[in-house]
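The file start13.csv contains CSV, C-alpha atoms:
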```
chain,number,residue,atom,x,y,z
A,12,MET,CA,120.9,118.6,228.4
A,13,SER,CA,117.5,120.0,227.6
A,14,VAL,CA,116.4,121.1,224.2
A,15,ILE,CA,116.1,124.7,225.4
A,16,PHE,CA,119.8,124.6,226.7
A,17,ARG,CA,120.9,123.2,223.3
A,18,LEU,CA,118.9,126.0,221.5
A,19,LEU,CA,120.5,128.6,223.7
A,20,LEU,CA,124.0,127.3,222.9
A,21,MET,CA,123.2,127.5,219.2
A,22,VAL,CA,121.8,131.0,219.4
A,23,GLY,CA,124.9,132.0,221.3
A,24,ALA,CA,127.2,130.4,218.7
A,25,VAL,CA,125.3,132.1,215.8
A,26,PHE,CA,125.3,135.4,217.6
A,27,GLU,CA,129.1,135.2,218.2
A,28,PHE,CA,129.7,134.1,214.6
A,29,ILE,CA,127.9,137.2,213.3
A,30,LEU,CA,129.7,139.5,215.7
A,31,VAL,CA,133.1,138.1,214.6
A,32,ILE,CA,132.3,138.5,210.9
A,33,ARG,CA,131.2,142.1,211.5
A,34,MET,CA,134.4,142.9,213.4
A,35,ILE,CA,136.6,141.5,210.6
A,36,ARG,CA,134.7,143.5,208.0
A,37,LYS,CA,135.2,146.7,210.0
A,38,SER,CA,138.9,145.7,210.4
A,39,ALA,CA,138.4,145.8,214.1
A,40,MET,CA,139.8,142.3,214.4
A,41,SER,CA,142.5,140.6,212.4
A,42,ILE,CA,141.8,137.3,210.7
A,43,ALA,CA,144.5,135.6,212.8
A,44,ASP,CA,142.8,136.7,216.0
A,45,SER,CA,139.4,135.6,214.7
A,46,ILE,CA,140.4,131.9,214.4
A,47,PHE,CA,139.9,131.3,218.1
A,48,TRP,CA,136.4,132.8,218.1
A,49,PHE,CA,135.4,130.9,214.9
A,50,GLY,CA,136.6,127.7,216.6
A,51,PHE,CA,134.8,128.6,219.8
A,52,ALA,CA,131.5,129.2,218.0
A,53,PHE,CA,131.9,126.0,216.0
A,54,LEU,CA,132.6,124.0,219.2
A,55,LEU,CA,129.4,125.4,220.8
A,56,LEU,CA,127.4,124.4,217.7
A,57,LEU,CA,129.0,121.0,217.8
A,58,LEU,CA,128.1,120.4,221.5
A,59,ALA,CA,124.5,121.6,220.9
A,60,ALA,CA,123.9,119.6,217.7
A,61,PHE,CA,125.4,116.4,219.0
A,62,PRO,CA,124.7,116.1,222.7
A,63,GLY,CA,126.1,112.5,222.5
A,64,ILE,CA,129.6,114.1,222.6
A,65,ALA,CA,129.0,115.7,226.0
A,66,PHE,CA,127.3,112.5,227.4
A,67,TRP,CA,130.2,110.4,226.3
A,68,ALA,CA,132.9,112.8,227.5
A,69,SER,CA,131.3,113.5,230.9
A,70,GLU,CA,131.0,109.7,231.6
A,71,LEU,CA,134.6,109.3,230.6
A,72,LEU,CA,135.7,112.0,233.1
A,73,GLY,CA,133.2,111.1,235.8
A,74,ILE,CA,131.3,114.4,235.6
A,75,GLU,CA,127.7,113.9,236.8
A,76,SER,CA,125.9,116.1,234.3
A,77,PRO,CA,126.9,116.6,230.7
A,78,VAL,CA,125.9,120.3,231.1
A,79,ASN,CA,128.7,120.7,233.6
A,80,LEU,CA,131.1,119.4,231.0
A,81,VAL,CA,129.9,122.0,228.6
A,82,TYR,CA,130.5,124.7,231.2
A,83,LEU,CA,133.9,123.2,232.1
A,84,VAL,CA,135.1,123.3,228.4
A,85,ILE,CA,133.9,126.9,228.0
A,86,ILE,CA,135.5,128.1,231.2
A,87,ALA,CA,138.8,126.4,230.5
A,88,LEU,CA,139.0,127.9,227.0
A,89,LEU,CA,138.2,131.4,228.3
A,90,ILE,CA,140.8,131.2,231.1
A,91,HIS,CA,143.4,130.1,228.6
A,92,ARG,CA,142.3,133.0,226.4
A,93,VAL,CA,142.6,135.6,229.2
A,94,PHE,CA,146.0,134.3,230.1
A,95,LYS,CA,147.2,134.7,226.5
A,96,LEU,CA,145.6,138.1,226.5
A,97,TYR,CA,147.7,139.1,229.5
A,98,VAL,CA,150.9,138.0,227.8
A,99,ARG,CA,149.9,140.0,224.7
A,100,LEU,CA,149.1,143.0,226.8
A,101,SER,CA,152.6,142.8,228.5
A,102,GLU,CA,154.2,142.6,225.0
A,103,VAL,CA,152.2,145.6,223.7
A,104,ASN,CA,153.0,147.5,226.8
A,105,ASP,CA,156.7,146.9,226.4
A,106,LYS,CA,156.5,148.0,222.8
A,107,LEU,CA,154.5,151.1,223.6
A,108,THR,CA,157.1,152.0,226.2
A,109,ARG,CA,160.0,151.5,223.8
A,110,LEU,CA,158.2,153.7,221.1
A,111,ALA,CA,157.4,156.5,223.5
A,112,GLN,CA,160.9,156.5,224.9
A,113,ASP,CA,162.4,156.5,221.4
A,114,LEU,CA,160.2,159.4,220.4
A,115,ALA,CA,161.0,161.3,223.6
A,116,LEU,CA,164.8,160.8,223.1
A,117,ARG,CA,164.5,162.0,219.4
A,118,ASN,CA,162.7,165.1,220.4
A,119,ASN,CA,165.4,165.8,223.0
A,120,GLU,CA,168.1,165.5,220.4
A,121,GLU,CA,166.4,167.9,218.0
A,122,LYS,CA,166.4,170.7,220.6
B,6,MET,CA,184.4,160.0,235.4
B,7,LYS,CA,181.2,161.3,233.8
B,8,THR,CA,178.1,160.8,235.9
B,9,LEU,CA,174.6,161.5,234.7
B,10,ILE,CA,171.9,162.5,237.1
B,11,VAL,CA,168.6,161.1,236.1
B,12,ILE,CA,165.6,162.9,237.5
B,13,PRO,CA,162.2,161.3,236.8
B,14,ALA,CA,159.5,163.9,237.2
B,15,TYR,CA,155.8,163.3,237.1
B,16,ASN,CA,153.8,166.5,237.8
B,17,GLU,CA,156.6,168.1,239.7
B,18,ALA,CA,155.9,171.7,238.4
B,19,LEU,CA,156.1,173.0,242.0
B,20,ASN,CA,159.4,171.4,242.8
B,21,ILE,CA,161.4,170.9,239.6
B,22,GLU,CA,162.9,174.4,239.3
B,23,ARG,CA,164.1,174.5,242.9
B,24,VAL,CA,165.5,171.0,242.6
B,25,ILE,CA,167.5,171.8,239.4
B,26,ARG,CA,168.7,175.2,240.7
B,27,ARG,CA,170.0,173.5,243.9
B,28,LEU,CA,171.8,170.9,241.9
B,29,THR,CA,173.4,173.2,239.4
B,30,GLU,CA,174.1,176.2,241.7
B,31,THR,CA,174.9,174.5,245.0
B,32,ALA,CA,176.4,171.2,243.9
B,33,GLY,CA,177.8,172.6,240.6
B,34,ILE,CA,176.4,169.8,238.6
B,35,ILE,CA,175.8,170.1,234.9
B,36,ASP,CA,175.3,166.5,233.7
B,37,TYR,CA,171.7,165.9,234.5
B,38,VAL,CA,168.5,165.0,232.6
B,39,ILE,CA,165.0,165.4,233.7
B,40,ILE,CA,162.6,162.8,232.5
B,41,ASP,CA,159.2,164.4,232.3
B,42,ASP,CA,156.9,161.3,232.4
B,43,GLY,CA,154.0,162.7,230.5
B,44,SER,CA,153.1,165.2,233.2
B,45,SER,CA,149.7,166.9,232.9
B,46,ASP,CA,150.9,170.0,234.7
B,47,GLN,CA,153.5,172.7,233.7
B,48,THR,CA,156.6,170.5,234.4
B,49,ALA,CA,157.7,170.5,230.7
B,50,ASP,CA,156.9,174.2,230.2
B,51,ILE,CA,159.0,175.1,233.2
B,52,CYS,CA,161.9,173.0,231.9
B,53,ARG,CA,161.7,174.6,228.5
B,54,ALA,CA,161.5,178.1,229.9
B,55,ASN,CA,164.5,177.6,232.1
B,56,GLY,CA,166.6,175.9,229.5
B,57,PHE,CA,166.9,172.7,231.5
B,58,ASN,CA,168.0,169.5,229.8
B,59,TYR,CA,164.8,167.4,229.7
B,60,ILE,CA,163.2,164.6,227.9
B,61,SER,CA,159.4,164.5,227.7
B,62,HIS,CA,157.5,161.2,227.4
B,63,PRO,CA,154.5,161.8,225.1
B,64,VAL,CA,152.4,159.7,227.5
B,65,ASN,CA,152.8,158.6,231.2
B,66,LEU,CA,154.8,155.4,231.2
B,67,GLY,CA,155.5,155.0,234.9
B,68,LEU,CA,158.6,155.5,237.1
B,69,SER,CA,160.5,152.4,235.8
B,70,ALA,CA,160.2,153.5,232.2
B,71,ALA,CA,161.2,157.1,233.1
B,72,VAL,CA,164.4,155.9,234.8
B,73,GLN,CA,165.1,153.6,231.9
B,74,THR,CA,164.8,156.5,229.4
B,75,GLY,CA,167.6,158.1,231.5
B,76,PHE,CA,169.7,155.0,231.1
B,77,ILE,CA,169.2,154.9,227.4
B,78,TYR,CA,170.3,158.6,227.3
B,79,ALA,CA,173.3,157.8,229.4
B,80,LEU,CA,174.3,154.9,227.1
B,81,LYS,CA,173.9,157.0,224.0
B,82,ASN,CA,176.1,159.8,225.4
B,83,GLY,CA,178.8,157.6,226.9
B,84,TYR,CA,178.4,158.2,230.6
B,85,ASP,CA,180.3,156.1,233.2
B,86,ALA,CA,177.7,156.2,235.9
B,87,VAL,CA,174.1,157.0,236.4
B,88,VAL,CA,172.5,158.2,239.6
B,89,GLN,CA,168.8,158.3,240.1
B,90,PHE,CA,167.5,161.4,241.8
B,91,ASP,CA,164.0,162.3,242.9
B,92,GLY,CA,162.3,165.2,241.2
B,93,ASP,CA,160.7,166.3,244.4
B,94,GLY,CA,163.8,167.5,246.1
B,95,GLN,CA,164.4,164.7,248.6
B,96,HIS,CA,167.9,163.9,247.5
B,97,ARG,CA,170.9,166.1,247.9
B,98,GLY,CA,173.6,166.6,245.3
B,99,GLU,CA,176.4,166.9,247.9
B,100,TYR,CA,176.6,163.1,248.3
B,101,ILE,CA,177.2,162.4,244.7
B,102,LYS,CA,181.0,162.9,245.0
B,103,GLU,CA,181.3,160.2,247.7
B,104,MET,CA,179.1,157.8,245.7
B,105,GLU,CA,181.2,158.4,242.6
B,106,LYS,CA,184.3,157.5,244.7
B,107,ARG,CA,182.8,154.1,245.5
B,108,ILE,CA,182.0,153.4,241.9
B,109,GLU,CA,185.6,154.3,241.0
B,110,GLU,CA,186.7,151.8,243.7
B,111,GLY,CA,184.9,149.1,241.7
B,112,CYS,CA,181.4,149.0,243.0
B,113,ASP,CA,178.5,148.5,240.6
B,114,ILE,CA,175.7,149.9,242.7
B,115,VAL,CA,176.1,152.5,245.4
B,116,ILE,CA,173.0,153.2,247.5
B,117,GLY,CA,172.4,156.5,249.1
B,118,SER,CA,171.4,155.0,252.4
B,119,ARG,CA,169.6,156.7,255.2
B,120,PHE,CA,170.5,154.0,257.7
B,121,VAL,CA,174.2,153.1,257.5
B,122,THR,CA,175.0,154.9,260.8
B,123,GLU,CA,171.5,156.2,261.6
B,124,LYS,CA,168.7,154.0,263.2
B,125,LYS,CA,165.7,153.0,261.2
B,126,PRO,CA,162.4,154.4,262.6
B,127,LEU,CA,159.3,152.2,263.1
B,128,THR,CA,157.0,153.7,260.5
B,129,GLY,CA,154.8,151.7,258.0
B,130,ARG,CA,157.2,152.5,255.2
B,131,MET,CA,160.2,151.3,257.2
B,132,ILE,CA,158.5,148.0,258.2
B,133,GLY,CA,158.2,147.4,254.5
B,134,SER,CA,161.9,148.3,254.2
B,135,ARG,CA,162.8,145.8,256.9
B,136,LEU,CA,160.8,143.0,255.2
B,137,ILE,CA,162.5,143.7,251.9
B,138,GLY,CA,165.9,143.8,253.6
B,139,ALA,CA,165.2,140.5,255.3
B,140,MET,CA,164.2,138.9,252.0
B,141,ILE,CA,167.4,140.2,250.3
B,142,ARG,CA,169.5,138.8,253.2
B,143,LEU,CA,167.7,135.4,252.8
B,144,MET,CA,168.4,135.2,249.1
B,145,THR,CA,171.9,136.7,248.9
B,146,GLY,CA,173.3,136.6,252.4
B,147,ARG,CA,174.0,140.3,252.1
B,148,THR,CA,172.7,143.1,254.3
B,149,ILE,CA,171.3,146.1,252.6
B,150,LYS,CA,170.4,148.7,255.2
B,151,ASP,CA,168.2,150.9,253.0
B,152,PRO,CA,166.9,148.7,250.2
B,153,THR,CA,164.0,151.1,249.3
B,154,SER,CA,166.2,154.2,249.0
B,155,GLY,CA,165.5,155.8,245.6
B,156,MET,CA,168.9,157.3,245.4
B,157,ARG,CA,171.1,154.8,243.7
B,158,MET,CA,174.2,155.1,241.5
B,159,TYR,CA,175.0,152.5,238.9
B,160,GLY,CA,178.4,151.9,237.3
B,161,LYS,CA,179.1,151.6,233.6
B,162,ARG,CA,178.6,147.9,233.1
B,163,LEU,CA,175.1,148.2,234.5
B,164,ILE,CA,174.0,151.2,232.3
B,165,ARG,CA,173.6,148.9,229.3
B,166,THR,CA,171.8,146.3,231.3
B,167,PHE,CA,169.2,148.8,232.5
B,168,ALA,CA,168.9,150.5,229.1
B,169,GLU,CA,168.2,147.3,227.3
B,170,ASN,CA,166.2,145.2,229.7
B,171,SER,CA,162.8,146.5,230.8
B,172,ARG,CA,162.5,143.8,233.5
B,173,MET,CA,165.4,145.7,235.3
B,174,THR,CA,163.2,148.1,237.2
B,175,PRO,CA,165.0,150.6,239.5
B,176,GLU,CA,163.7,148.7,242.6
B,177,PRO,CA,165.1,146.6,245.4
B,178,ASP,CA,164.3,143.3,243.7
B,179,THR,CA,166.6,144.3,240.8
B,180,VAL,CA,169.3,145.2,243.3
B,181,CYS,CA,168.9,141.7,244.8
B,182,HIS,CA,169.0,140.1,241.4
B,183,LEU,CA,172.1,142.0,240.4
B,184,ILE,CA,173.9,140.9,243.7
B,185,ARG,CA,173.1,137.3,242.7
B,186,LEU,CA,174.6,138.0,239.3
B,187,GLY,CA,177.8,139.2,240.9
B,188,ALA,CA,177.3,143.0,241.3
B,189,LYS,CA,179.2,144.7,244.0
B,190,VAL,CA,177.0,146.9,246.3
B,191,ALA,CA,178.0,149.7,248.7
B,192,GLU,CA,176.0,152.0,250.9
B,193,VAL,CA,176.8,155.6,251.6
B,194,GLN,CA,175.2,157.4,254.5
B,195,VAL,CA,173.0,160.3,253.3
B,196,VAL,CA,170.4,162.6,254.7
B,197,MET,CA,167.2,163.0,252.8
B,198,ASP,CA,164.8,165.9,253.0
B,199,GLU,CA,161.0,165.7,253.2
B,200,ARG,CA,159.2,166.4,249.9
B,201,ILE,CA,158.0,170.0,250.0
B,202,ALA,CA,155.2,170.1,247.5
B,203,GLY,CA,153.2,167.7,245.4
B,204,THR,CA,152.3,164.0,246.0
B,205,SER,CA,154.4,160.9,245.9
B,206,TYR,CA,154.1,158.1,243.4
B,207,LEU,CA,152.9,155.8,246.2
B,208,ASN,CA,149.5,155.6,247.9
B,209,LEU,CA,148.1,152.7,250.0
B,210,SER,CA,146.9,150.4,247.3
B,211,LYS,CA,150.0,151.1,245.3
B,212,SER,CA,152.2,150.4,248.3
B,213,ILE,CA,150.5,147.0,248.8
B,214,ARG,CA,150.9,146.2,245.2
B,215,TYR,CA,154.6,147.3,245.4
B,216,MET,CA,155.3,145.1,248.3
B,217,LEU,CA,153.7,142.1,246.6
B,218,THR,CA,155.5,142.7,243.4
B,219,VAL,CA,158.9,143.1,245.1
B,220,SER,CA,158.4,140.1,247.4
B,221,ILE,CA,157.4,137.8,244.5
B,222,SER,CA,160.3,139.1,242.4
B,223,ILE,CA,162.8,138.6,245.2
B,224,LEU,CA,161.6,135.2,246.6
B,225,PHE,CA,161.0,133.6,243.2
B,226,GLU,CA,163.9,135.3,241.5
B,227,PRO,CA,165.8,132.1,240.7
B,228,TRP,CA,162.9,130.8,238.8
B,229,ILE,CA,161.6,133.9,237.1
B,230,ARG,CA,164.7,135.7,236.1
B,231,GLU,CA,167.2,134.6,233.5
B,232,ASP,CA,170.7,134.1,234.9
B,233,LYS,CA,173.1,136.0,232.8
B,234,LYS,CA,176.2,136.6,234.9
B,235,LEU,CA,177.5,140.1,234.6
B,236,THR,CA,180.5,140.4,232.4
B,237,GLY,CA,183.4,142.7,233.1
B,238,GLU,CA,182.9,144.8,230.0
B,239,GLU,CA,184.1,148.4,230.0
B,240,LYS,CA,185.1,148.6,233.6
B,241,SER,CA,185.9,152.3,233.9
B,242,ALA,CA,189.5,153.0,234.7
```
With the file now loaded, output its structure as structure tokens.
Amino acid sequence: MSVIFRLLLMVGAVFEFILVIRMIRKSAMSIADSIFWFGFAFLLLLLAAFPGIAFWASELLGIESPVNLVYLVIIALLIHRVFKLYVRLSEVNDKLTRLAQDLALRNNEEK
Amino acid sequence: MKTLIVIPAYNEALNIERVIRRLTETAGIIDYVIIDDGSSDQTADICRANGFNYISHPVNLGLSAAVQTGFIYALKNGYDAVVQFDGDGQHRGEYIKEMEKRIEEGCDIVIGSRFVTEKKPLTGRMIGSRLIGAMIRLMTGRTIKDPTSGMRMYGKRLIRTFAENSRMTPEPDTVCHLIRLGAKVAEVQVVMDERIAGTSYLNLSKSIRYMLTVSISILFEPWIREDKKLTGEEKSA
């Protein structure tokens, strides 16, 4: 893990951190939803600040390069997030359908 | 027996008036409801101007939700059966009496089938139909000759099921699922007309998606659907 790569990770983490704070301030994201992104930024910072963690874990898992472990962790977290997002989307979709149907039926009754 | 005809209509301004006139004047049917699924054309205006009974979705929710709205309406108004009818004039009202008779005999689902006595042609659509038929046979041991027919009548105990469960889409996989739960199915030979104006819900990419969804839903049904055996509630006398 080169110094440049570690710096890049830190910059990315700080950038994300600022973005999340801004979104919460503008009420564009709830605090509950922001927890994942704070944790994500913190994890990136941790991996960049203490490369020993990546070295130790990659050796443990038999991954050749510690950088690959960093990628693996990021990808795994993001896939999990996308999956959860799909579940949420289905729920929201169901609720929206129910709401629209209810509204439509009410309008029909008033006629 | 009170039967509600549910007519989902998405941008059917060119067809809807003729479809309803034919139902009410030729077949003498009064219990119908049009579900205008957020049409961007004049569908709702035409319904209003003609005094048709219609429900307008504020946004487009898709065919399944449109049919479900019809089931909710039927549940609220105490209907004994619901029949799904296309808004483009493919289905004919004259078969409703015979379908009702089967419901009265104790069937839960009556399919207006194009192929009880007629042979199935070899078009792309019908190859899909055969595939779905084969999968249903594999899973239930029952032969449904026209699984993709959109003209289906459902008895009273299924009205609540459809109204309350959004996973119960009005598609062949749901028919398969309901057979496994103990629903009785019958098919009645019908003739369907070609649509006269407008375009269908299905195009090529949607058709492929449809086949995949239905296939997964039928073949993995035992794992992805909750098994709640149908109860005999409110069997109509």
Checklist entry - Which residues of chain B are close to chain A, meaning at most 12 Å apart when you count all atoms listed in the file, and how do they look as a PyMOL selection string? => result chain B and resi 38-43+49+52-53+56-82+168-172
Checklist entry - Quick one: distance from CA of Val11 (chain B) to CA of Ala191 (chain B) in Å, one decimal? => result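 Separating CA of Val11 (chain B) from CA of Ala191 (chain B) is a distance of 19.4 Å.
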Item to check | Coordinates-based distance that separates CA of Gly94 (chain B) from CA of Asp198 (chain B) (Å, one decimal) | outcome: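 That distance, rounded to one decimal, is 7.2 Å.
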Checklist entry - What is the distance, in Å and to one decimal place, between CA of Ile10 (chain B) and CA of Asp178 (chain B)? => result 21.7 Å
Residues within 10 Å of Arg17 (chain A), only C-alpha atoms, excluding chain neighbours under 2 positions, as a PDB file with C-alpha atoms, in the frame of the given file:
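Contents of the output file part.pdb:
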```
ATOM      1  CA  MET A  12     120.900 118.600 228.400  1.00  0.00           C
ATOM      2  CA  SER A  13     117.500 120.000 227.600  1.00  0.00           C
ATOM      3  CA  VAL A  14     116.400 121.100 224.200  1.00  0.00           C
ATOM      4  CA  ILE A  15     116.100 124.700 225.400  1.00  0.00           C
ATOM      5  CA  LEU A  19     120.500 128.600 223.700  1.00  0.00           C
ATOM      6  CA  LEU A  20     124.000 127.300 222.900  1.00  0.00           C
ATOM      7  CA  MET A  21     123.200 127.500 219.200  1.00  0.00           C
ATOM      8  CA  VAL A  22     121.800 131.000 219.400  1.00  0.00           C
ATOM      9  CA  GLY A  23     124.900 132.000 221.300  1.00  0.00           C
ATOM     10  CA  LEU A  55     129.400 125.400 220.800  1.00  0.00           C
ATOM     11  CA  LEU A  56     127.400 124.400 217.700  1.00  0.00           C
ATOM     12  CA  LEU A  58     128.100 120.400 221.500  1.00  0.00           C
ATOM     13  CA  ALA A  59     124.500 121.600 220.900  1.00  0.00           C
ATOM     14  CA  ALA A  60     123.900 119.600 217.700  1.00  0.00           C
ATOM     15  CA  PHE A  61     125.400 116.400 219.000  1.00  0.00           C
ATOM     16  CA  PRO A  62     124.700 116.100 222.700  1.00  0.00           C
ATOM     17  CA  VAL A  78     125.900 120.300 231.100  1.00  0.00           C
TER      18      VAL A  78
END
```
Item to check | Tyr159 (chain B) surroundings by all atoms listed in the file, 8 Å radius, close-in-sequence under 3 positions cut, as a list in words | outcome: Ala86, Val87, Val88, Ile108, Asp113, Ile114, Val115, Leu163 and Ile164 of chain B
Leaving out Phe51 (chain A) and any residue of its chain fewer than 6 positions from it, which residues lie within 10 Å of it when counting only C-alpha atoms, given as a tab-separated table (two decimals) with C-alpha atoms, in the frame of the given file?
```tsv
chain	number	residue	atom	x	y	z
A	24	ALA	CA	127.20	130.40	218.70
A	27	GLU	CA	129.10	135.20	218.20
A	28	PHE	CA	129.70	134.10	214.60
A	45	SER	CA	139.40	135.60	214.70
A	57	LEU	CA	129.00	121.00	217.80
A	85	ILE	CA	133.90	126.90	228.00
A	88	LEU	CA	139.00	127.90	227.00
A	89	LEU	CA	138.20	131.40	228.30
```
